[in-house]
Every structure is written in structure tokens, then in C-alpha cells.
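Undergrad: Encoded as C-alpha cells, here's the structure I'll be asking about.
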Amino acid sequence: MGRLMAIEGRKNAQDARRGKIFTKVIRELTVAARAGGGDPKSNPRLRLAMDRGLAVNMARDVMERAIKKATGELEGVSYEEIRYEGYAPGGVAVIVDCMTDNKVRTVADVRHAFTKCGGNLGTDGSVSFMFKRLGVLSYLPGTDQEAVENAAIEAGADDIVVYPDDGSIDVLTGPDSFEAVKQAMEAAGLPPEHAEVGLRADNDIAVSGDTAQAVLKMIHMLEDLDDVQNVYSNADVKA
């Protein structure tokens with residue numbers, strides 16, 4: 001009985017996590033379609049959101065329904081994009097991108113996570129100058145490094161980062177060239193494990209011990225909020 005309860009508890013946790021991911025994808029689909037139209041061929045942001053939905057096994061009809069709600073073909077909820085900035089313990093800079101239909105609820109939830117974990121919510125622009133917007137195509141350890149580098153250079157990528165601890169690879173692009181580079185890498189037989197346009201810090205801050213645990217706790221609390229789409233930080237967590 002105990003083992004069955006453990007399995008059921010684990011499944012419930014996985015289902016809850018999957019539900020949160022689906023919520024975030026649907027909100028991104030909604031905002032992307034409302035901003036740039038419901039045709040992914042002419043709306044790169046929508047196409048990227050659909051790719052993310054497919055990656056988490058979201059059914060196409062669910063995505064299409066969200067898009068139709070956004071474009072007015074079906075009745076739906078209106079979401080607003082909001083960004084919050086602040087600091088986690090250790091002086092770590094944090095940016096929280098949200099989509100919400102209730103700003104009062106969202107700011108209260110975000111402020112609670114910062115305060116509970118020893119951080120401070122700041123003002124607009126307080127840390128965003130430390131980050132730049134980039135496209136990132138990520139490859140798992142064991143991927144042919146030479147093949148990725150050659151294809152990325154040919155595709156016009158801005159930079160290639162190989163992480164010495166495990167051999168994983170990130171191909172970096174400008175936001176405007178992201179889709180073209182992604183398509184070129186896929187055409188070369190090198191589809192990325194994960195691809196997104198997001199923020200990356202210019203310089204990282206090393207944290208360890210109790211400070212690192214507090215930073216990770218805060219980031220996880222923020223990521224678990226339904227209204228939060230993405231959390232970015234300049235933390236370099238040391239074991």
C-alpha cells in the first residue's frame with residue numbers, strides 16, 4: 001500500500017507540474033497570437049510558443065483553441081505582460097517575466113517570494129541593464145561538438161559556448177536571427193534539445209552554501225507561480 005501511495009503521490013505531483021507548464025504555454029500562445037496574429041508562418045513568437053507546446057506534448061487542438069481565443073474567434077481571457085526586477089540573497093540579480101489577468105494578485109505573489117527568501121523586489125530597470133536578449137539553442141552532452149560548431153558558423157550564429165563540466169553546448173544568436181539559425185541547424189540534422197529567445201546576464205555572480213540554497217529556493221518559488229512565465233538570474237551556483 002505504501003509503495004502504491006508513493007507512486008500515486010509522484011504521479012499527482014507530475015500531473016500538477018505538467019498542468020503548470022501547460023498554463024504557461026497557453027498564456028504565451030495567447031499573448032503571441034494577440035500581438036502578431038494567429039498565423040505561425042508570419043509570427044515567429046507564436047511559432048516558438050507552438051514548438052514549446054509540442055515539446056511538452058500539448059495537443060494541437062488545445063493550442064489552436066488558445067490561438068482562436070486570442071484572435072477573437074472564440075471568447076477568452078485577456079492577459080497582460082509584466083516584468084518585475086530585484087535581488088536575491090548574495091546580490092544576485094533576478095528578472096521575473098509574468099503574464100496575468102490580475103496584476104494585484106501577481107505582484108503580491110512575486111513580492112512574497114522575494115521577501116520570504118531574503119530578497120528585495122526592486123524598481124523597473126534596477127537590474128535589467130545587466131542582461132541582454134539572446135536566442136539560445138541548447139545541445140545535450142555527447143552531441144558532436146565539431147558538427148554543431150561548423151553548422152552554427154555556417155548558419156550565422158553569434159557565438160558557441162561549450163560547458164567543460166559536462167560537454168553540453170549552447171549556440172547563441174541575436175533575437176532577429178534566431179529563427180533562421182534554428183531552421184538551419186535543423187536542416188543540418190542538428191535539432192536543439194531546447195530553443196528559446198530569452199535573457200542572459202552579462203556577468204554571473206558566484207554563490208554557494210546557504211546563500212546558494214536561498215537563491216535556488218526563491219527561483220523555484222517564483223517558477224511555481226502560475227502567472228510567472230520565465231525567471232532569469234545571474235547566479236552561478238557553486239556546489
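Labeling convention for the C-alpha cells: chains A, B, ... as they appear, residues from 1 per chain, ligands from 1 in order of appearance.
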Kindly assemble as a Markdown table a list of the stretch 129-204 of chain A residues that lie within 9 Å of stretch 44-67 of chain A, each paired with its nearest atom pair and their distance in Å to one decimal, using only C-alpha atoms, sorted first by chain and then by ascending residue number.
TA:
| residue | atom | partner | partner_atom | distance |
| --- | --- | --- | --- | --- |
| A:Glu179 | CA | A:Pro44 | CA | 7.2 |
| A:His194 | CA | A:Arg52 | CA | 8.6 |
| A:Ala195 | CA | A:Leu48 | CA | 8.3 |
| A:Glu196 | CA | A:Leu48 | CA | 7.3 |
| A:Val197 | CA | A:Leu48 | CA | 8.7 |
Undergrad: Generate a file of the selected residues that holds all heavy atoms, formatted as a PDB file, in the first residue's frame.
TA:
ATOM      1  N   GLU A 179      15.356  32.513 -35.500  1.00  0.00           N
ATOM      2  CA  GLU A 179      14.560  31.547 -36.263  1.00  0.00           C
ATOM      3  C   GLU A 179      15.335  31.010 -37.449  1.00  0.00           C
ATOM      4  O   GLU A 179      15.290  29.806 -37.742  1.00  0.00           O
ATOM      5  CB  GLU A 179      13.253  32.206 -36.723  1.00  0.00           C
ATOM      6  CG  GLU A 179      12.253  31.235 -37.320  1.00  0.00           C
ATOM      7  CD  GLU A 179      11.783  30.150 -36.352  1.00  0.00           C
ATOM      8  OE1 GLU A 179      11.687  30.440 -35.147  1.00  0.00           O
ATOM      9  OE2 GLU A 179      11.533  29.020 -36.812  1.00  0.00           O
ATOM     10  N   HIS A 194      16.637  22.125 -26.731  1.00  0.00           N
ATOM     11  CA  HIS A 194      15.799  23.221 -26.233  1.00  0.00           C
ATOM     12  C   HIS A 194      16.192  24.487 -26.968  1.00  0.00           C
ATOM     13  O   HIS A 194      17.378  24.714 -27.237  1.00  0.00           O
ATOM     14  CB  HIS A 194      16.004  23.396 -24.725  1.00  0.00           C
ATOM     15  CG  HIS A 194      15.187  24.493 -24.132  1.00  0.00           C
ATOM     16  ND1 HIS A 194      13.828  24.392 -23.946  1.00  0.00           N
ATOM     17  CD2 HIS A 194      15.524  25.734 -23.701  1.00  0.00           C
ATOM     18  CE1 HIS A 194      13.366  25.511 -23.423  1.00  0.00           C
ATOM     19  NE2 HIS A 194      14.375  26.349 -23.266  1.00  0.00           N
ATOM     20  N   ALA A 195      15.204  25.308 -27.318  1.00  0.00           N
ATOM     21  CA  ALA A 195      15.493  26.549 -28.033  1.00  0.00           C
ATOM     22  C   ALA A 195      14.538  27.636 -27.568  1.00  0.00           C
ATOM     23  O   ALA A 195      13.330  27.411 -27.467  1.00  0.00           O
ATOM     24  CB  ALA A 195      15.360  26.340 -29.543  1.00  0.00           C
ATOM     25  N   GLU A 196      15.070  28.814 -27.273  1.00  0.00           N
ATOM     26  CA  GLU A 196      14.226  29.925 -26.830  1.00  0.00           C
ATOM     27  C   GLU A 196      14.946  31.250 -27.028  1.00  0.00           C
ATOM     28  O   GLU A 196      16.179  31.294 -27.144  1.00  0.00           O
ATOM     29  CB  GLU A 196      13.846  29.774 -25.361  1.00  0.00           C
ATOM     30  CG  GLU A 196      15.021  29.908 -24.404  1.00  0.00           C
ATOM     31  CD  GLU A 196      14.593  29.899 -22.948  1.00  0.00           C
ATOM     32  OE1 GLU A 196      13.381  29.846 -22.697  1.00  0.00           O
ATOM     33  OE2 GLU A 196      15.479  29.943 -22.077  1.00  0.00           O
ATOM     34  N   VAL A 197      14.167  32.295 -27.082  1.00  0.00           N
ATOM     35  CA  VAL A 197      14.706  33.652 -27.023  1.00  0.00           C
ATOM     36  C   VAL A 197      14.435  34.167 -25.616  1.00  0.00           C
ATOM     37  O   VAL A 197      13.289  34.184 -25.164  1.00  0.00           O
ATOM     38  CB  VAL A 197      14.050  34.571 -28.063  1.00  0.00           C
ATOM     39  CG1 VAL A 197      14.573  35.998 -27.909  1.00  0.00           C
ATOM     40  CG2 VAL A 197      14.325  34.062 -29.477  1.00  0.00           C
TER      41      VAL A 197
END
Undergrad: Near stretch 77-91 of chain A, within 10 Å and counting only C-alpha atoms, which residues show up once chain neighbours fewer than 4 positions away are dropped, as a tab-separated table (two decimals) with N, CA and C atoms, in the first residue's frame?
TA:
chain	number	residue	atom	x	y	z
A	27	ARG	N	-0.72	30.71	-22.08
A	27	ARG	CA	-0.64	32.17	-21.94
A	27	ARG	C	0.32	32.77	-22.97
A	28	GLU	N	1.43	32.10	-23.22
A	28	GLU	CA	2.36	32.60	-24.23
A	28	GLU	C	1.73	32.56	-25.62
A	30	THR	N	-1.42	32.82	-26.27
A	30	THR	CA	-2.46	33.85	-26.28
A	30	THR	C	-1.87	35.23	-26.55
A	31	VAL	N	-0.82	35.57	-25.81
A	31	VAL	CA	-0.21	36.89	-25.98
A	31	VAL	C	0.47	37.01	-27.34
A	34	ARG	N	-2.23	37.39	-30.04
A	34	ARG	CA	-2.89	38.69	-29.96
A	34	ARG	C	-1.96	39.79	-30.50
A	66	ALA	N	-6.52	28.02	-28.07
A	66	ALA	CA	-5.94	29.18	-27.39
A	66	ALA	C	-5.69	30.32	-28.38
A	69	LYS	N	-8.98	31.98	-29.37
A	69	LYS	CA	-9.44	32.86	-28.29
A	69	LYS	C	-8.69	34.19	-28.34
A	70	ALA	N	-7.41	34.11	-28.63
A	70	ALA	CA	-6.59	35.33	-28.66
A	70	ALA	C	-6.96	36.22	-29.83
A	95	ILE	N	15.23	38.69	-12.73
A	95	ILE	CA	14.16	39.26	-13.54
A	95	ILE	C	13.05	38.23	-13.65
A	96	VAL	N	11.81	38.66	-13.44
A	96	VAL	CA	10.65	37.76	-13.46
A	96	VAL	C	9.67	38.27	-14.52
A	97	ASP	N	9.48	37.50	-15.57
A	97	ASP	CA	8.51	37.85	-16.62
A	97	ASP	C	7.19	37.13	-16.36
A	98	CYS	N	6.11	37.90	-16.32
A	98	CYS	CA	4.80	37.36	-15.98
A	98	CYS	C	3.78	37.65	-17.07
A	99	MET	N	2.72	36.84	-17.09
A	99	MET	CA	1.53	37.10	-17.87
A	99	MET	C	0.35	36.90	-16.94
A	100	THR	N	-0.48	37.91	-16.83
A	100	THR	CA	-1.53	37.84	-15.81
A	100	THR	C	-2.81	38.52	-16.25
A	101	ASP	N	-3.91	38.08	-15.64
A	101	ASP	CA	-5.18	38.76	-15.80
A	101	ASP	C	-5.56	39.48	-14.51
A	102	ASN	N	-4.60	39.53	-13.56
A	102	ASN	CA	-4.85	40.18	-12.27
A	102	ASN	C	-3.52	40.68	-11.71
A	103	LYS	N	-3.17	41.93	-11.99
A	103	LYS	CA	-1.88	42.49	-11.59
A	103	LYS	C	-1.71	42.53	-10.07
A	106	THR	N	-0.69	39.12	-8.88
A	106	THR	CA	0.64	38.75	-9.34
A	106	THR	C	1.74	39.44	-8.55
A	107	VAL	N	1.64	40.75	-8.39
A	107	VAL	CA	2.69	41.48	-7.67
A	107	VAL	C	2.76	41.03	-6.22
A	110	VAL	N	4.62	37.62	-6.28
A	110	VAL	CA	6.04	37.79	-6.58
A	110	VAL	C	6.77	38.44	-5.40
A	111	ARG	N	6.18	39.47	-4.81
A	111	ARG	CA	6.80	40.13	-3.66
A	111	ARG	C	6.95	39.17	-2.49
A	113	ALA	N	7.44	35.93	-2.61
A	113	ALA	CA	8.56	35.02	-2.87
A	113	ALA	C	9.90	35.71	-2.60
A	114	PHE	N	10.04	36.96	-3.05
A	114	PHE	CA	11.27	37.70	-2.78
A	114	PHE	C	11.50	37.86	-1.28
A	115	THR	N	10.46	38.32	-0.59
A	115	THR	CA	10.60	38.63	0.84
A	115	THR	C	10.86	37.38	1.66
A	117	CYS	N	12.31	34.69	0.94
A	117	CYS	CA	13.62	34.08	0.73
A	117	CYS	C	14.78	35.05	0.94
A	118	GLY	N	14.48	36.22	1.53
A	118	GLY	CA	15.55	37.16	1.85
A	118	GLY	C	15.98	38.05	0.71
A	119	GLY	N	15.13	38.18	-0.31
A	119	GLY	CA	15.44	39.05	-1.43
A	119	GLY	C	14.70	40.38	-1.32
A	120	ASN	N	14.88	41.23	-2.33
A	120	ASN	CA	14.22	42.52	-2.36
A	120	ASN	C	13.70	42.80	-3.76
A	121	LEU	N	12.42	43.11	-3.86
A	121	LEU	CA	11.84	43.49	-5.14
A	121	LEU	C	12.23	44.93	-5.43
A	122	GLY	N	12.77	45.17	-6.64
A	122	GLY	CA	13.25	46.49	-6.99
A	122	GLY	C	12.32	47.23	-7.93
A	123	THR	N	12.83	48.31	-8.50
A	123	THR	CA	12.06	49.13	-9.43
A	123	THR	C	12.39	48.74	-10.87
A	124	ASP	N	11.57	49.21	-11.81
A	124	ASP	CA	11.82	48.95	-13.23
A	124	ASP	C	13.21	49.45	-13.62
A	125	GLY	N	13.98	48.59	-14.27
A	125	GLY	CA	15.31	48.96	-14.73
A	125	GLY	C	16.41	48.78	-13.70
A	126	SER	N	16.06	48.29	-12.52
A	126	SER	CA	17.06	48.19	-11.45
A	126	SER	C	18.11	47.12	-11.74
A	127	VAL	N	17.76	46.08	-12.50
A	127	VAL	CA	18.75	45.05	-12.83
A	127	VAL	C	18.76	44.69	-14.32
A	128	SER	N	17.78	45.13	-15.08
A	128	SER	CA	17.67	44.69	-16.48
A	128	SER	C	18.87	45.11	-17.32
A	205	ILE	N	27.29	35.98	-10.88
A	205	ILE	CA	27.76	36.12	-9.51
A	205	ILE	C	27.80	34.74	-8.87
A	206	ALA	N	28.97	34.35	-8.38
A	206	ALA	CA	29.12	33.03	-7.75
A	206	ALA	C	28.49	33.03	-6.36
A	207	VAL	N	27.67	32.02	-6.08
A	207	VAL	CA	27.07	31.85	-4.75
A	207	VAL	C	27.21	30.37	-4.35
A	208	SER	N	27.35	30.15	-3.05
A	208	SER	CA	27.50	28.78	-2.56
A	208	SER	C	26.88	28.66	-1.18
A	210	ASP	N	24.68	28.25	2.07
A	210	ASP	CA	23.33	28.68	2.43
A	210	ASP	C	22.79	29.75	1.48
A	211	THR	N	23.67	30.61	1.00
A	211	THR	CA	23.23	31.65	0.06
A	211	THR	C	22.72	31.03	-1.23
A	212	ALA	N	23.45	30.05	-1.73
A	212	ALA	CA	23.02	29.37	-2.95
A	212	ALA	C	21.67	28.68	-2.75
A	213	GLN	N	21.48	28.06	-1.60
A	213	GLN	CA	20.21	27.38	-1.33
A	213	GLN	C	19.06	28.37	-1.27
A	214	ALA	N	19.31	29.54	-0.67
A	214	ALA	CA	18.26	30.57	-0.59
A	214	ALA	C	17.91	31.11	-1.97
A	215	VAL	N	18.93	31.29	-2.81
A	215	VAL	CA	18.69	31.76	-4.19
A	215	VAL	C	17.86	30.75	-4.96
A	216	LEU	N	18.25	29.48	-4.87
A	216	LEU	CA	17.52	28.42	-5.59
A	216	LEU	C	16.09	28.30	-5.08
A	217	LYS	N	15.91	28.43	-3.77
A	217	LYS	CA	14.56	28.36	-3.20
A	217	LYS	C	13.68	29.47	-3.76
A	218	MET	N	14.24	30.68	-3.85
A	218	MET	CA	13.46	31.80	-4.36
A	218	MET	C	13.11	31.61	-5.83
A	219	ILE	N	14.08	31.17	-6.62
A	219	ILE	CA	13.83	30.94	-8.05
A	219	ILE	C	12.75	29.88	-8.25
A	227	ASP	N	1.35	32.70	-12.71
A	227	ASP	CA	1.47	33.91	-13.51
A	227	ASP	C	2.87	34.15	-14.05
A	228	VAL	N	3.85	33.40	-13.56
A	228	VAL	CA	5.24	33.60	-13.97
A	228	VAL	C	5.56	32.73	-15.19
A	229	GLN	N	6.07	33.38	-16.22
A	229	GLN	CA	6.47	32.67	-17.44
A	229	GLN	C	7.94	32.26	-17.39
A	230	ASN	N	8.80	33.20	-17.03
A	230	ASN	CA	10.24	32.93	-17.01
A	230	ASN	C	10.91	33.68	-15.87
A	231	VAL	N	11.94	33.05	-15.31
A	231	VAL	CA	12.76	33.69	-14.29
A	231	VAL	C	14.21	33.65	-14.77
A	232	TYR	N	14.85	34.82	-14.76
A	232	TYR	CA	16.25	34.93	-15.18
A	232	TYR	C	17.07	35.46	-14.02
A	233	SER	N	18.30	34.96	-13.88
A	233	SER	CA	19.18	35.46	-12.83
A	233	SER	C	20.62	35.39	-13.32
A	234	ASN	N	21.50	36.06	-12.56
A	234	ASN	CA	22.93	35.97	-12.88
A	234	ASN	C	23.66	35.12	-11.85
A	235	ALA	N	22.94	34.20	-11.23
A	235	ALA	CA	23.54	33.33	-10.22
A	235	ALA	C	24.38	32.23	-10.87
Undergrad: What parts of stretch 5-227 of chain A does DSSP call helix (DSSP H, G or I)? I'd like the answer as a PDB file with C-alpha atoms, in the first residue's frame.
TA:
ATOM      1  CA  MET A   5       0.619   5.637  -2.364  1.00  0.00           C
ATOM      2  CA  ALA A   6       4.143   6.829  -3.157  1.00  0.00           C
ATOM      3  CA  ILE A   7       3.633   6.140  -6.860  1.00  0.00           C
ATOM      4  CA  GLU A   8       0.263   7.896  -6.812  1.00  0.00           C
ATOM      5  CA  GLY A   9       1.752  10.876  -4.992  1.00  0.00           C
ATOM      6  CA  ARG A  10       4.573  11.116  -7.512  1.00  0.00           C
ATOM      7  CA  LYS A  11       2.121  10.922 -10.411  1.00  0.00           C
ATOM      8  CA  ASN A  12      -0.061  13.644  -8.867  1.00  0.00           C
ATOM      9  CA  ALA A  13       2.997  15.872  -8.490  1.00  0.00           C
ATOM     10  CA  GLN A  14       3.988  15.233 -12.112  1.00  0.00           C
ATOM     11  CA  ASP A  15       0.451  15.985 -13.295  1.00  0.00           C
ATOM     12  CA  ALA A  16       0.422  19.219 -11.309  1.00  0.00           C
ATOM     13  CA  ARG A  17       3.775  20.234 -12.783  1.00  0.00           C
ATOM     14  CA  ARG A  18       2.561  19.386 -16.284  1.00  0.00           C
ATOM     15  CA  GLY A  19      -0.558  21.476 -15.679  1.00  0.00           C
ATOM     16  CA  LYS A  20       1.575  24.473 -14.712  1.00  0.00           C
ATOM     17  CA  ILE A  21       3.671  24.094 -17.849  1.00  0.00           C
ATOM     18  CA  PHE A  22       0.535  23.897 -19.989  1.00  0.00           C
ATOM     19  CA  THR A  23      -0.806  27.055 -18.316  1.00  0.00           C
ATOM     20  CA  LYS A  24       2.384  28.940 -19.166  1.00  0.00           C
ATOM     21  CA  VAL A  25       2.371  27.720 -22.778  1.00  0.00           C
ATOM     22  CA  ILE A  26      -1.277  28.688 -23.291  1.00  0.00           C
ATOM     23  CA  ARG A  27      -0.636  32.172 -21.939  1.00  0.00           C
ATOM     24  CA  GLU A  28       2.359  32.600 -24.233  1.00  0.00           C
ATOM     25  CA  LEU A  29       0.290  31.398 -27.205  1.00  0.00           C
ATOM     26  CA  THR A  30      -2.456  33.853 -26.276  1.00  0.00           C
ATOM     27  CA  VAL A  31      -0.209  36.893 -25.979  1.00  0.00           C
ATOM     28  CA  ALA A  32       1.844  35.987 -29.062  1.00  0.00           C
ATOM     29  CA  ALA A  33      -1.267  35.500 -31.219  1.00  0.00           C
ATOM     30  CA  ARG A  34      -2.886  38.693 -29.963  1.00  0.00           C
ATOM     31  CA  ALA A  35       0.274  40.703 -30.658  1.00  0.00           C
ATOM     32  CA  GLY A  36       1.252  39.262 -34.027  1.00  0.00           C
ATOM     33  CA  PRO A  44       7.878  33.939 -35.107  1.00  0.00           C
ATOM     34  CA  ARG A  45       6.908  34.365 -31.458  1.00  0.00           C
ATOM     35  CA  LEU A  46       3.775  32.272 -31.976  1.00  0.00           C
ATOM     36  CA  ARG A  47       5.743  29.637 -33.874  1.00  0.00           C
ATOM     37  CA  LEU A  48       8.212  29.377 -30.980  1.00  0.00           C
ATOM     38  CA  ALA A  49       5.348  29.076 -28.474  1.00  0.00           C
ATOM     39  CA  MET A  50       3.825  26.268 -30.531  1.00  0.00           C
ATOM     40  CA  ASP A  51       7.189  24.497 -30.646  1.00  0.00           C
ATOM     41  CA  ARG A  52       7.309  24.710 -26.864  1.00  0.00           C
ATOM     42  CA  GLY A  53       3.792  23.280 -26.666  1.00  0.00           C
ATOM     43  CA  LEU A  54       4.696  20.361 -28.921  1.00  0.00           C
ATOM     44  CA  ALA A  55       7.821  19.712 -26.837  1.00  0.00           C
ATOM     45  CA  ARG A  60      -2.588  20.759 -31.424  1.00  0.00           C
ATOM     46  CA  ASP A  61      -6.304  21.338 -30.914  1.00  0.00           C
ATOM     47  CA  VAL A  62      -5.588  22.782 -27.450  1.00  0.00           C
ATOM     48  CA  MET A  63      -3.077  25.190 -28.968  1.00  0.00           C
ATOM     49  CA  GLU A  64      -5.395  26.111 -31.818  1.00  0.00           C
ATOM     50  CA  ARG A  65      -8.216  26.841 -29.369  1.00  0.00           C
ATOM     51  CA  ALA A  66      -5.942  29.181 -27.390  1.00  0.00           C
ATOM     52  CA  ILE A  67      -4.943  30.967 -30.601  1.00  0.00           C
ATOM     53  CA  LYS A  68      -8.564  31.387 -31.683  1.00  0.00           C
ATOM     54  CA  LYS A  69      -9.442  32.860 -28.291  1.00  0.00           C
ATOM     55  CA  ALA A  70      -6.592  35.327 -28.665  1.00  0.00           C
ATOM     56  CA  PRO A  89      20.392  36.874  -1.423  1.00  0.00           C
ATOM     57  CA  GLY A  90      24.069  37.416  -2.220  1.00  0.00           C
ATOM     58  CA  GLY A  91      23.342  40.338  -4.540  1.00  0.00           C
ATOM     59  CA  LYS A 103      -1.875  42.486 -11.588  1.00  0.00           C
ATOM     60  CA  VAL A 104      -2.718  42.885  -7.895  1.00  0.00           C
ATOM     61  CA  ARG A 105      -2.540  39.131  -7.315  1.00  0.00           C
ATOM     62  CA  THR A 106       0.640  38.746  -9.340  1.00  0.00           C
ATOM     63  CA  VAL A 107       2.694  41.477  -7.670  1.00  0.00           C
ATOM     64  CA  ALA A 108       1.621  40.206  -4.239  1.00  0.00           C
ATOM     65  CA  ASP A 109       2.734  36.653  -5.095  1.00  0.00           C
ATOM     66  CA  VAL A 110       6.044  37.793  -6.583  1.00  0.00           C
ATOM     67  CA  ARG A 111       6.805  40.133  -3.665  1.00  0.00           C
ATOM     68  CA  HIS A 112       6.021  37.329  -1.193  1.00  0.00           C
ATOM     69  CA  ALA A 113       8.564  35.021  -2.865  1.00  0.00           C
ATOM     70  CA  PHE A 114      11.274  37.696  -2.783  1.00  0.00           C
ATOM     71  CA  THR A 115      10.596  38.627   0.841  1.00  0.00           C
ATOM     72  CA  LYS A 116      10.242  35.060   2.157  1.00  0.00           C
ATOM     73  CA  SER A 128      17.675  44.687 -16.477  1.00  0.00           C
ATOM     74  CA  PHE A 129      20.748  46.626 -17.665  1.00  0.00           C
ATOM     75  CA  MET A 130      22.821  43.610 -16.570  1.00  0.00           C
ATOM     76  CA  GLN A 145      30.824  19.404 -30.898  1.00  0.00           C
ATOM     77  CA  GLU A 146      32.603  19.863 -34.220  1.00  0.00           C
ATOM     78  CA  ALA A 147      29.396  19.281 -36.192  1.00  0.00           C
ATOM     79  CA  VAL A 148      27.484  21.806 -34.067  1.00  0.00           C
ATOM     80  CA  GLU A 149      30.245  24.398 -34.342  1.00  0.00           C
ATOM     81  CA  ASN A 150      30.571  24.032 -38.113  1.00  0.00           C
ATOM     82  CA  ALA A 151      26.799  24.177 -38.680  1.00  0.00           C
ATOM     83  CA  ALA A 152      26.380  27.139 -36.301  1.00  0.00           C
ATOM     84  CA  ILE A 153      29.116  29.131 -38.033  1.00  0.00           C
ATOM     85  CA  GLU A 154      27.570  28.361 -41.412  1.00  0.00           C
ATOM     86  CA  ALA A 155      24.140  29.382 -40.089  1.00  0.00           C
ATOM     87  CA  PRO A 175      16.826  37.693 -31.399  1.00  0.00           C
ATOM     88  CA  ASP A 176      16.204  38.643 -35.035  1.00  0.00           C
ATOM     89  CA  SER A 177      18.343  35.843 -36.470  1.00  0.00           C
ATOM     90  CA  PHE A 178      17.177  33.165 -34.013  1.00  0.00           C
ATOM     91  CA  GLU A 179      14.560  31.547 -36.263  1.00  0.00           C
ATOM     92  CA  ALA A 180      16.853  31.441 -39.304  1.00  0.00           C
ATOM     93  CA  VAL A 181      19.688  29.870 -37.307  1.00  0.00           C
ATOM     94  CA  LYS A 182      17.315  27.348 -35.701  1.00  0.00           C
ATOM     95  CA  GLN A 183      15.964  26.292 -39.096  1.00  0.00           C
ATOM     96  CA  ALA A 184      19.489  25.989 -40.500  1.00  0.00           C
ATOM     97  CA  MET A 185      20.612  23.795 -37.581  1.00  0.00           C
ATOM     98  CA  GLU A 186      17.570  21.568 -38.014  1.00  0.00           C
ATOM     99  CA  ALA A 187      18.236  21.319 -41.751  1.00  0.00           C
ATOM    100  CA  GLY A 209      26.361  27.204   0.689  1.00  0.00           C
ATOM    101  CA  ASP A 210      23.330  28.681   2.434  1.00  0.00           C
ATOM    102  CA  THR A 211      23.235  31.650   0.062  1.00  0.00           C
ATOM    103  CA  ALA A 212      23.017  29.366  -2.948  1.00  0.00           C
ATOM    104  CA  GLN A 213      20.213  27.382  -1.332  1.00  0.00           C
ATOM    105  CA  ALA A 214      18.264  30.570  -0.590  1.00  0.00           C
ATOM    106  CA  VAL A 215      18.690  31.765  -4.190  1.00  0.00           C
ATOM    107  CA  LEU A 216      17.524  28.423  -5.585  1.00  0.00           C
ATOM    108  CA  LYS A 217      14.560  28.361  -3.197  1.00  0.00           C
ATOM    109  CA  MET A 218      13.460  31.797  -4.356  1.00  0.00           C
ATOM    110  CA  ILE A 219      13.826  30.945  -8.046  1.00  0.00           C
ATOM    111  CA  HIS A 220      11.838  27.733  -7.598  1.00  0.00           C
ATOM    112  CA  MET A 221       9.090  29.576  -5.686  1.00  0.00           C
ATOM    113  CA  LEU A 222       8.814  32.123  -8.483  1.00  0.00           C
ATOM    114  CA  GLU A 223       8.817  29.491 -11.230  1.00  0.00           C
TER     115      GLU A 223
END
Undergrad: Could you write out, as a count of residues only, all the residues of stretch 115-233 of chain A that DSSP marks as strand (DSSP E)?
TA: 37
